[in-house]
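Participant: The file below is my_file23.cif, mmCIF, C-alpha atoms:
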data_data
#
loop_
_atom_site.label_atom_id
_atom_site.label_comp_id
_atom_site.auth_asym_id
_atom_site.auth_seq_id
_atom_site.Cartn_x
_atom_site.Cartn_y
_atom_site.Cartn_z
CA MET A 1 -98.61 -52.11 -52.18
CA LYS A 2 -95.64 -53.35 -50.18
CA HIS A 3 -94.73 -51.14 -47.20
CA LEU A 4 -91.27 -49.73 -46.72
CA THR A 5 -89.13 -51.30 -44.01
CA GLU A 6 -87.82 -49.15 -41.17
CA GLU A 7 -84.34 -49.76 -42.52
CA GLN A 8 -85.36 -48.31 -45.88
CA ILE A 9 -86.96 -45.29 -44.20
CA GLN A 10 -83.85 -44.62 -42.08
CA ALA A 11 -81.57 -45.02 -45.11
CA PHE A 12 -83.81 -42.58 -47.02
CA LEU A 13 -83.46 -40.03 -44.20
CA ASP A 14 -79.69 -40.63 -44.00
CA GLY A 15 -79.40 -40.15 -47.74
CA SER A 16 -77.66 -43.52 -47.99
CA SER A 17 -80.40 -45.52 -49.68
CA ASP A 18 -79.40 -47.79 -52.56
CA GLN A 19 -82.89 -47.47 -54.00
CA ASP A 20 -84.19 -44.77 -56.25
CA SER A 21 -85.03 -41.91 -53.87
CA LYS A 22 -87.84 -40.73 -56.15
CA SER A 23 -89.68 -44.04 -55.94
CA LEU A 24 -89.27 -44.04 -52.13
CA ALA A 25 -90.57 -40.46 -51.94
CA LEU A 26 -93.51 -41.41 -54.16
CA HIS A 27 -94.35 -44.34 -51.91
CA LEU A 28 -94.19 -42.12 -48.81
CA TYR A 29 -96.48 -39.62 -50.48
CA PHE A 30 -99.21 -42.17 -51.17
CA CYS A 31 -98.87 -44.51 -48.19
CA PRO A 32 -100.17 -43.02 -44.91
CA ASP A 33 -98.74 -45.85 -42.74
CA CYS A 34 -95.22 -45.47 -44.09
CA ARG A 35 -95.55 -41.69 -44.02
CA ARG A 36 -96.43 -41.81 -40.34
CA THR A 37 -93.35 -43.95 -39.58
CA TYR A 38 -91.27 -41.61 -41.74
CA GLU A 39 -92.55 -38.53 -39.88
CA GLU A 40 -91.80 -40.15 -36.52
CA TYR A 41 -88.25 -40.85 -37.63
CA GLN A 42 -87.95 -37.37 -39.06
CA LYS A 43 -88.89 -35.90 -35.69
CA LEU A 44 -86.53 -38.30 -33.93
CA TYR A 45 -83.65 -37.17 -36.17
CA MET A 46 -84.40 -33.53 -35.36
CA GLY A 47 -84.51 -34.30 -31.64
CA LEU A 48 -81.23 -36.25 -31.79
CA ALA A 49 -79.48 -33.30 -33.44
CA LYS A 50 -80.55 -31.16 -30.48
CA ALA A 51 -79.92 -33.63 -27.64
CA GLU A 52 -76.79 -31.76 -26.60
CA ILE A 53 -74.22 -33.02 -24.13
CA PRO A 54 -73.03 -30.67 -21.32
CA ASP A 55 -70.02 -28.64 -22.49
CA LEU A 56 -66.58 -28.83 -20.94
CA PRO A 57 -65.80 -25.89 -18.62
CA ALA A 58 -64.58 -22.63 -20.18
CA SER A 59 -61.19 -23.12 -18.48
CA PHE A 60 -60.62 -26.46 -20.24
CA ALA A 61 -58.10 -25.18 -22.83
CA GLU A 62 -56.08 -23.39 -20.13
CA LYS A 63 -55.90 -26.58 -18.05
CA VAL A 64 -54.68 -28.59 -21.05
CA MET A 65 -52.05 -25.98 -21.94
CA SER A 66 -50.69 -25.87 -18.40
CA ARG A 67 -50.51 -29.70 -18.35
CA ILE A 68 -48.65 -29.65 -21.64
CA ASP A 69 -46.19 -27.07 -20.31
CA SER A 70 -45.47 -29.19 -17.24
CA VAL A 71 -45.27 -32.51 -19.09
CA ASN A 72 -43.31 -31.26 -22.03
CA PRO A 73 -41.69 -27.82 -21.70
CA GLU A 74 -41.70 -25.79 -24.86
CA PRO A 75 -38.67 -26.69 -26.97
CA GLU A 76 -35.90 -24.15 -26.76
CA LYS A 77 -36.19 -21.59 -29.47
CA THR A 78 -32.97 -20.57 -31.11
CA SER A 79 -33.73 -17.00 -31.97
CA LEU A 80 -31.65 -14.14 -33.27
CA TRP A 81 -30.67 -13.38 -29.69
CA ILE A 82 -27.77 -15.82 -29.53
CA PRO A 83 -25.77 -14.52 -32.56
CA VAL A 84 -26.69 -10.91 -31.70
CA PHE A 85 -25.58 -11.44 -28.12
CA ALA A 86 -22.31 -13.06 -29.21
CA LEU A 87 -21.52 -10.40 -31.85
CA ALA A 88 -22.29 -7.61 -29.36
CA ASN A 89 -19.84 -9.15 -26.92
CA ILE A 90 -17.10 -9.44 -29.52
CA ALA A 91 -17.71 -5.91 -30.86
CA ALA A 92 -17.80 -4.37 -27.39
CA GLY A 93 -14.69 -6.25 -26.36
CA LEU A 94 -12.74 -5.25 -29.48
CA ALA A 95 -13.92 -1.65 -29.26
CA ALA A 96 -12.90 -1.47 -25.63
CA ILE A 97 -9.44 -2.90 -26.37
CA ILE A 98 -8.79 -0.51 -29.23
CA TYR A 99 -10.39 2.52 -27.54
CA PHE A 100 -9.05 2.29 -24.03
CA ILE A 101 -5.81 0.38 -24.05
CA ASP A 102 -2.46 2.00 -24.68
CA PHE A 103 -0.70 -0.39 -27.01
CA SER A 104 2.73 0.98 -26.30
CA PHE A 105 3.18 -1.86 -23.83
CA LEU A 106 3.16 -4.26 -26.76
CA SER A 107 6.63 -3.03 -27.67
CA ASP A 108 7.72 -4.67 -24.41
CA PHE A 109 5.94 -7.84 -25.55
CA SER A 110 7.74 -7.68 -28.89
CA ALA A 111 10.98 -7.38 -27.01
CA PHE A 112 10.01 -10.38 -24.90
CA PHE A 113 8.14 -12.58 -27.41
CA GLY A 114 10.01 -11.44 -30.47
CA GLN A 115 8.18 -11.16 -33.79
CA GLU A 116 4.81 -12.57 -32.54
CA GLY A 117 4.35 -9.64 -30.13
CA SER A 118 4.97 -7.06 -32.81
CA HIS A 119 2.53 -8.90 -35.17
CA LEU A 120 -0.24 -8.62 -32.55
CA ARG A 121 0.45 -4.92 -32.18
CA ILE A 122 0.30 -4.45 -35.96
CA ILE A 123 -3.00 -6.42 -36.28
CA ILE A 124 -4.77 -4.47 -33.53
CA GLY A 125 -3.37 -1.21 -34.86
CA LYS A 126 -4.67 -2.07 -38.37
CA ILE A 127 -8.18 -2.92 -37.10
CA GLY A 128 -8.25 0.47 -35.31
CA GLY A 129 -7.05 2.16 -38.52
CA TYR A 130 -9.76 0.49 -40.66
CA MET A 131 -12.46 1.46 -38.12
CA ASP A 132 -11.27 5.09 -38.30
CA MET A 133 -11.30 4.97 -42.12
CA MET A 134 -14.89 3.69 -42.11
CA GLY A 135 -15.89 6.44 -39.71
CA VAL A 136 -16.85 3.96 -36.98
CA ASP A 137 -16.96 5.60 -33.59
CA LEU A 138 -15.37 2.97 -31.34
CA GLY A 139 -16.83 4.61 -28.25
CA PHE A 140 -20.33 4.24 -29.77
CA VAL A 141 -19.68 0.58 -30.66
CA PHE A 142 -18.56 -0.05 -27.12
CA MET A 143 -21.64 1.64 -25.62
CA VAL A 144 -24.08 -0.25 -27.92
CA GLY A 145 -22.35 -3.55 -27.12
CA LEU A 146 -22.50 -2.76 -23.44
CA ALA A 147 -26.25 -1.94 -23.71
CA ILE A 148 -27.04 -5.26 -25.47
CA LEU A 149 -24.93 -7.05 -22.89
CA ALA A 150 -26.96 -5.39 -20.10
CA ILE A 151 -30.32 -6.31 -21.76
CA GLY A 152 -29.14 -9.91 -22.14
CA ALA A 153 -28.12 -10.05 -18.49
CA ILE A 154 -31.49 -8.64 -17.35
CA ASP A 155 -33.28 -11.20 -19.57
CA ILE A 156 -31.32 -14.03 -17.93
CA LEU A 157 -32.03 -12.70 -14.41
CA LEU A 158 -35.77 -12.34 -15.14
CA ARG A 159 -35.96 -15.89 -16.47
CA ILE A 160 -34.14 -17.23 -13.43
CA ALA A 161 -36.61 -15.30 -11.23
CA LYS A 162 -39.55 -16.91 -13.13
CA LYS A 163 -37.82 -20.30 -12.94
CA LYS A 164 -37.94 -20.60 -16.70
CA PRO A 165 -35.15 -22.17 -18.69
CA VAL A 166 -32.73 -19.65 -20.15
CA THR A 167 -33.52 -19.64 -23.83
CA PHE A 168 -32.67 -16.15 -25.08
CA VAL A 169 -36.09 -15.86 -26.67
CA VAL A 170 -36.89 -12.42 -28.07
CA MET B 171 -57.10 -32.02 -45.11
CA GLU B 172 -54.42 -29.50 -46.14
CA LYS B 173 -55.73 -27.14 -43.48
CA ASP B 174 -55.25 -29.93 -40.88
CA ILE B 175 -51.65 -30.53 -42.01
CA GLU B 176 -50.91 -26.81 -41.97
CA LEU B 177 -52.30 -26.53 -38.43
CA VAL B 178 -50.19 -29.48 -37.26
CA LYS B 179 -47.06 -27.98 -38.86
CA ARG B 180 -47.65 -24.74 -36.95
CA VAL B 181 -47.89 -26.64 -33.65
CA LEU B 182 -44.72 -28.62 -34.43
CA ALA B 183 -42.95 -25.34 -35.20
CA GLY B 184 -43.63 -24.34 -31.59
CA GLU B 185 -46.70 -22.12 -32.08
CA SER B 186 -48.77 -22.72 -28.96
CA LYS B 187 -51.64 -20.63 -30.37
CA ALA B 188 -52.06 -23.28 -33.08
CA PHE B 189 -52.53 -26.00 -30.46
CA ARG B 190 -55.17 -23.85 -28.78
CA GLU B 191 -56.95 -23.85 -32.17
CA ILE B 192 -56.84 -27.65 -32.15
CA ILE B 193 -58.29 -27.75 -28.64
CA SER B 194 -61.10 -25.34 -29.41
CA GLY B 195 -61.84 -27.08 -32.72
CA TYR B 196 -62.02 -30.62 -31.38
CA GLN B 197 -62.88 -30.40 -27.68
CA ARG B 198 -66.57 -30.85 -28.49
CA LEU B 199 -65.91 -34.09 -30.37
CA VAL B 200 -63.60 -35.40 -27.63
CA ASN B 201 -66.12 -34.46 -24.95
CA HIS B 202 -68.89 -36.30 -26.82
CA ILE B 203 -66.85 -39.49 -27.16
CA VAL B 204 -65.70 -39.44 -23.53
CA TYR B 205 -69.17 -38.55 -22.23
CA ARG B 206 -70.75 -41.43 -24.08
CA MET B 207 -68.07 -44.03 -23.33
CA VAL B 208 -67.18 -43.27 -19.72
CA PRO B 209 -69.90 -43.63 -17.10
CA ASN B 210 -67.87 -41.96 -14.32
CA GLU B 211 -68.88 -38.33 -14.45
CA ARG B 212 -66.02 -37.17 -12.20
CA ASP B 213 -63.32 -38.62 -14.44
CA ARG B 214 -64.58 -37.31 -17.75
CA GLU B 215 -62.87 -33.92 -17.77
CA ASP B 216 -59.51 -35.42 -16.74
CA ILE B 217 -59.80 -37.98 -19.52
CA CYS B 218 -60.55 -35.21 -22.04
CA GLN B 219 -57.40 -33.42 -20.84
CA ASP B 220 -55.38 -36.65 -21.17
CA VAL B 221 -56.61 -36.98 -24.74
CA PHE B 222 -55.25 -33.57 -25.73
CA VAL B 223 -51.95 -34.20 -23.94
CA ARG B 224 -51.64 -37.42 -25.98
CA VAL B 225 -52.60 -35.55 -29.14
CA TYR B 226 -49.82 -33.02 -28.43
CA GLN B 227 -47.24 -35.70 -27.71
CA ASN B 228 -48.09 -37.71 -30.83
CA LEU B 229 -48.73 -34.88 -33.25
CA SER B 230 -45.52 -35.54 -35.19
CA ARG B 231 -47.01 -38.94 -36.13
CA PHE B 232 -50.02 -37.36 -37.85
CA ARG B 233 -49.43 -37.90 -41.56
CA GLY B 234 -52.66 -36.49 -42.91
CA GLU B 235 -53.85 -39.93 -44.06
CA SER B 236 -57.14 -39.30 -42.26
CA ARG B 237 -58.88 -36.15 -41.15
CA LEU B 238 -57.52 -34.63 -37.94
CA SER B 239 -60.98 -35.06 -36.40
CA THR B 240 -60.98 -38.84 -36.86
CA TRP B 241 -57.33 -39.10 -35.73
CA ILE B 242 -58.12 -37.20 -32.52
CA GLY B 243 -61.40 -39.09 -32.12
CA ARG B 244 -59.52 -42.39 -32.28
CA ILE B 245 -57.09 -41.22 -29.57
CA ALA B 246 -60.11 -40.26 -27.43
CA ALA B 247 -61.78 -43.66 -27.93
CA ASN B 248 -58.51 -45.48 -27.11
CA ARG B 249 -58.04 -43.41 -23.96
CA CYS B 250 -61.58 -44.29 -22.86
CA ILE B 251 -60.90 -48.00 -23.39
CA ASP B 252 -57.67 -47.71 -21.34
CA PHE B 253 -59.67 -46.06 -18.56
CA LEU B 254 -62.46 -48.66 -18.63
CA GLN B 255 -59.94 -51.53 -18.61
CA ALA B 256 -57.94 -49.99 -15.75
CA ARG B 257 -61.14 -49.66 -13.71
CA LYS B 258 -62.26 -53.14 -14.79
CA LEU B 259 -65.47 -51.69 -16.17
CA ASN B 260 -67.45 -53.51 -18.81
CA ILE B 261 -66.24 -52.72 -22.29
CA ALA B 262 -68.07 -55.48 -24.15
CA PRO B 263 -71.11 -54.11 -25.98
CA ASN B 264 -74.43 -55.39 -24.66
CA PRO B 265 -77.14 -56.19 -27.15
CA ILE B 266 -79.56 -53.30 -27.22
CA GLU B 267 -82.40 -55.49 -25.95
CA ASP B 268 -80.55 -56.00 -22.64
CA SER B 269 -81.08 -52.41 -21.65
CA ASP B 270 -84.86 -52.56 -21.91
CA SER B 271 -85.35 -53.36 -18.24
CA LEU B 272 -83.24 -50.35 -17.26
CA ALA B 273 -85.20 -48.16 -19.57
CA ASP B 274 -88.49 -49.40 -18.15
CA GLU B 275 -87.46 -48.35 -14.65
CA SER B 276 -86.58 -44.89 -15.81
CA ARG B 277 -89.74 -44.40 -17.77
CA ALA B 278 -91.81 -41.45 -16.74
CA THR B 279 -95.15 -41.98 -15.12
CA PRO B 280 -98.24 -41.10 -17.19
CA GLU B 281 -98.50 -37.85 -15.19
CA THR B 282 -95.01 -36.69 -16.05
CA ALA B 283 -95.25 -37.88 -19.61
CA SER B 284 -97.41 -34.94 -20.46
CA ALA B 285 -97.90 -33.58 -23.90
CA HIS B 286 -95.76 -30.78 -25.30
CA GLN B 287 -92.62 -32.09 -23.71
CA ASN B 288 -89.33 -31.09 -25.16
CA LEU B 289 -88.23 -33.92 -27.43
CA ALA B 290 -84.51 -33.19 -27.03
CA GLU B 291 -84.79 -33.37 -23.23
CA ILE B 292 -86.67 -36.67 -23.41
CA LEU B 293 -84.10 -38.04 -25.83
CA LYS B 294 -81.20 -37.08 -23.54
CA ARG B 295 -82.71 -39.32 -20.86
CA GLU B 296 -83.58 -42.10 -23.28
CA ILE B 297 -80.11 -42.16 -24.92
CA ASP B 298 -78.51 -42.60 -21.49
CA ASN B 299 -80.49 -45.83 -21.15
CA ILE B 300 -79.18 -47.54 -24.25
CA PRO B 301 -75.86 -49.46 -24.24
CA HIS B 302 -72.66 -47.47 -24.79
CA PRO B 303 -71.63 -48.45 -28.31
CA TYR B 304 -75.08 -47.53 -29.59
CA ARG B 305 -75.24 -44.16 -27.86
CA THR B 306 -71.68 -43.28 -28.96
CA VAL B 307 -72.49 -44.05 -32.58
CA LEU B 308 -75.75 -42.07 -32.35
CA THR B 309 -73.97 -39.03 -30.92
CA LEU B 310 -71.12 -39.08 -33.44
CA TYR B 311 -73.59 -39.34 -36.31
CA HIS B 312 -76.28 -36.90 -35.20
CA LEU B 313 -74.33 -34.34 -33.13
CA ASP B 314 -70.89 -34.41 -34.74
CA ASP B 315 -72.00 -35.09 -38.31
CA LEU B 316 -69.40 -37.82 -38.82
CA SER B 317 -69.98 -40.19 -41.74
CA TYR B 318 -70.36 -43.98 -41.30
CA GLU B 319 -66.75 -44.37 -42.47
CA GLU B 320 -65.41 -41.76 -40.04
CA ILE B 321 -67.31 -43.28 -37.12
CA GLY B 322 -65.87 -46.66 -38.11
CA SER B 323 -62.34 -45.19 -38.06
CA VAL B 324 -62.85 -43.56 -34.66
CA LEU B 325 -64.44 -46.59 -32.99
CA ASP B 326 -62.51 -49.22 -34.97
CA MET B 327 -65.57 -50.98 -36.32
CA PRO B 328 -66.65 -51.88 -39.86
CA GLU B 329 -68.97 -49.46 -41.63
CA GLY B 330 -71.69 -52.14 -41.70
CA THR B 331 -71.59 -52.40 -37.91
CA VAL B 332 -71.91 -48.62 -37.61
CA LYS B 333 -75.01 -48.70 -39.84
CA SER B 334 -76.45 -51.61 -37.88
CA TYR B 335 -75.88 -49.92 -34.49
CA LEU B 336 -77.42 -46.71 -35.77
CA PHE B 337 -80.45 -48.49 -37.17
CA ARG B 338 -81.12 -50.50 -34.03
CA ALA B 339 -80.61 -47.55 -31.68
CA ARG B 340 -82.98 -45.30 -33.64
CA LYS B 341 -85.55 -48.08 -33.99
CA LYS B 342 -85.50 -48.62 -30.21
CA LEU B 343 -85.77 -44.90 -29.51
CA ARG B 344 -88.69 -44.50 -31.89
CA GLU B 345 -90.50 -47.45 -30.30
CA ARG B 346 -90.02 -45.98 -26.83
CA LEU B 347 -91.18 -42.56 -27.86
CA SER B 348 -94.22 -43.73 -29.81
CA SER B 349 -95.31 -46.05 -27.01
CA ARG B 350 -95.35 -43.22 -24.46
CA TYR B 351 -96.00 -39.99 -26.33
CA SER B 352 -97.99 -38.72 -29.18
CA ILE B 353 -95.18 -37.83 -31.55
CA GLU B 354 -97.13 -34.84 -32.93
CA GLU B 355 -97.24 -33.28 -29.46
CA LEU B 356 -93.52 -33.49 -28.85
CA MET B 357 -91.85 -30.13 -29.29
CA ILE B 358 -88.44 -29.85 -30.87
#
What is this file in structure tokens?
Facilitator:
Amino acid sequence: MKHLTEEQIQAFLDGSSDQDSKSLALHLYFCPDCRRTYEEYQKLYMGLAKAEIPDLPASFAEKVMSRIDSVNPEPEKTSLWIPVFALANIAAGLAAIIYFIDFSFLSDFSAFFGQEGSHLRIIIGKIGGYMDMMGVDLGFVFMVGLAILAIGAIDILLRIAKKKPVTFVV
Amino acid sequence: MEKDIELVKRVLAGESKAFREIISGYQRLVNHIVYRMVPNERDREDICQDVFVRVYQNLSRFRGESRLSTWIGRIAANRCIDFLQARKLNIAPNPIEDSDSLADESRATPETASAHQNLAEILKREIDNIPHPYRTVLTLYHLDDLSYEEIGSVLDMPEGTVKSYLFRARKKLRERLSSRYSIEELMI
């Protein structure tokens, strides 16, 4: 009976043997020399699977993340903040103009600038009229706009204090 | 593979939590490659960090043509080669026979080579005494469960060479163990 080579035994254990695994198993069953070699390899394989390498420290991921942040700052996120911030500004500004300003002075403008001045008065007057029709409280719009404006300003100040880029991230 | 691509997409969309998942999923593999390829213990952690920084910077190039593990493994192996070349350390693989004299010096005396020794502990010492390409291949196969093909992709060597390195390394380890210990008495 021809003995198995070590290469055949390793391939059998790896599950990569080209030969019929049943005939190899049969040989190992009846041949004590080959079985001994097989058992030694079997034990070696088990030992190799347990020969662990020291782990990296628990803080490893944190260190990598901080290096990534310093090498490549997080790309600016364009969130809902920018359009919300812009719309709040426009709304608050318009509300303030319509709510607080006496437009009678525009008649002087119309006298001075002619038709253009009276057109501006008509447009602003119409916007105010539509807001009234829709039941929009211009004072409320102004206050909400002002509040969003204040939150945005605080956000910017906090980011400057933390030396982070201003990104308007929610 | 789809899971890998999904994870990469999340990182590219700016989700830092997803990159933490990549680190926790692959730091073991990267550590194994660096540990086996770089002899300088002090530099190993920094190299592992460099690997993940490179992974982050090159993530948009990952096309899903290979598994993320082999793609990251390849970056780790390349970083190790860069390090070894920069330090002018030997990167050419020595034949396994060349390390025999080293191994002889480190062999335990008959007193210390007592029965009922922990096989894994003995193997840790013995693996350190075989040349680097052999021990890297052994670790990737037996600890990281990479296939011949995957190891070949990571270490840029043909599958046949991977098989040959594995065979010779295990043959040498078995010879060393059986010449010094009674295999039956070694505990796993």
Participant: Considering only C-alpha atoms, tabulate each residue of chain A that lies at most 6 Å from chain B along with its nearest interatomic pair and the corresponding distance in Å to one decimal; arrange the rows by chain and ascending residue number and present them as JSON lines.
Facilitator:
{"residue": "A:Gly47", "atom": "CA", "partner": "B:Ala290", "partner_atom": "CA", "distance": 4.7}
{"residue": "A:Ala49", "atom": "CA", "partner": "B:His312", "partner_atom": "CA", "distance": 5.1}
{"residue": "A:Lys50", "atom": "CA", "partner": "B:Ala290", "partner_atom": "CA", "distance": 5.6}
{"residue": "A:Ala51", "atom": "CA", "partner": "B:Ala290", "partner_atom": "CA", "distance": 4.7}
{"residue": "A:Val64", "atom": "CA", "partner": "B:Gln219", "partner_atom": "CA", "distance": 5.5}
Participant: Between CA of Phe142 in chain A and CA of Ala96 in chain A, what is the spacing in Å?
Facilitator: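 We find that CA of Ala96 in chain A and CA of Phe142 in chain A lie 6.0 Å from each other.
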Participant: What do you get, as an MDAnalysis selection string, if you spell out every residue that the PyMOL selection byres ((chain A and resi 5) around 12) selects here?
Facilitator: (chainID A and resid 2:4 6:12 17 24 27:28 33:35 37:38) or (chainID B and resid 337 341)
Participant: Would you save the residues of that selection, restricted to C-alpha atoms, as a PDB file, in the frame of the given file?
Facilitator:
ATOM      1  CA  LYS A   2     -95.640 -53.350 -50.180  1.00  0.00           C
ATOM      2  CA  HIS A   3     -94.730 -51.140 -47.200  1.00  0.00           C
ATOM      3  CA  LEU A   4     -91.270 -49.730 -46.720  1.00  0.00           C
ATOM      4  CA  GLU A   6     -87.820 -49.150 -41.170  1.00  0.00           C
ATOM      5  CA  GLU A   7     -84.340 -49.760 -42.520  1.00  0.00           C
ATOM      6  CA  GLN A   8     -85.360 -48.310 -45.880  1.00  0.00           C
ATOM      7  CA  ILE A   9     -86.960 -45.290 -44.200  1.00  0.00           C
ATOM      8  CA  GLN A  10     -83.850 -44.620 -42.080  1.00  0.00           C
ATOM      9  CA  ALA A  11     -81.570 -45.020 -45.110  1.00  0.00           C
ATOM     10  CA  PHE A  12     -83.810 -42.580 -47.020  1.00  0.00           C
ATOM     11  CA  SER A  17     -80.400 -45.520 -49.680  1.00  0.00           C
ATOM     12  CA  LEU A  24     -89.270 -44.040 -52.130  1.00  0.00           C
ATOM     13  CA  HIS A  27     -94.350 -44.340 -51.910  1.00  0.00           C
ATOM     14  CA  LEU A  28     -94.190 -42.120 -48.810  1.00  0.00           C
ATOM     15  CA  ASP A  33     -98.740 -45.850 -42.740  1.00  0.00           C
ATOM     16  CA  CYS A  34     -95.220 -45.470 -44.090  1.00  0.00           C
ATOM     17  CA  ARG A  35     -95.550 -41.690 -44.020  1.00  0.00           C
ATOM     18  CA  THR A  37     -93.350 -43.950 -39.580  1.00  0.00           C
ATOM     19  CA  TYR A  38     -91.270 -41.610 -41.740  1.00  0.00           C
TER      20      TYR A  38
ATOM     21  CA  PHE B 337     -80.450 -48.490 -37.170  1.00  0.00           C
ATOM     22  CA  LYS B 341     -85.550 -48.080 -33.990  1.00  0.00           C
TER      23      LYS B 341
END
Participant: Between A:Ile53, A:Leu149, A:Ala86, A:Ile123, which has the minimum distance to Asp298 in chain B (counting all atoms listed in the file)?
Facilitator: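 Smallest distance to Asp298 in chain B is found for A:Ile53.
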Participant: To one decimal place, how far is CA of Tyr335 in chain B from CA of Leu199 in chain B in Å?
Facilitator: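 Atom-to-atom, CA of Tyr335 in chain B to CA of Leu199 in chain B, that is 19.2 Å.
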Participant: Go through A:Leu44, A:Ile127, A:Ile97, A:Ala61 and flag the residue nearest Arg346 in chain B, using all atoms listed in the file for the distances.
Facilitator: A:Leu44
Participant: Rounded to one decimal, what separation in Å do you get between CA of Arg237 in chain B and CA of His302 in chain B?
Facilitator: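 Computing the Euclidean distance for CA of Arg237 in chain B and CA of His302 in chain B yields 24.2 Å.
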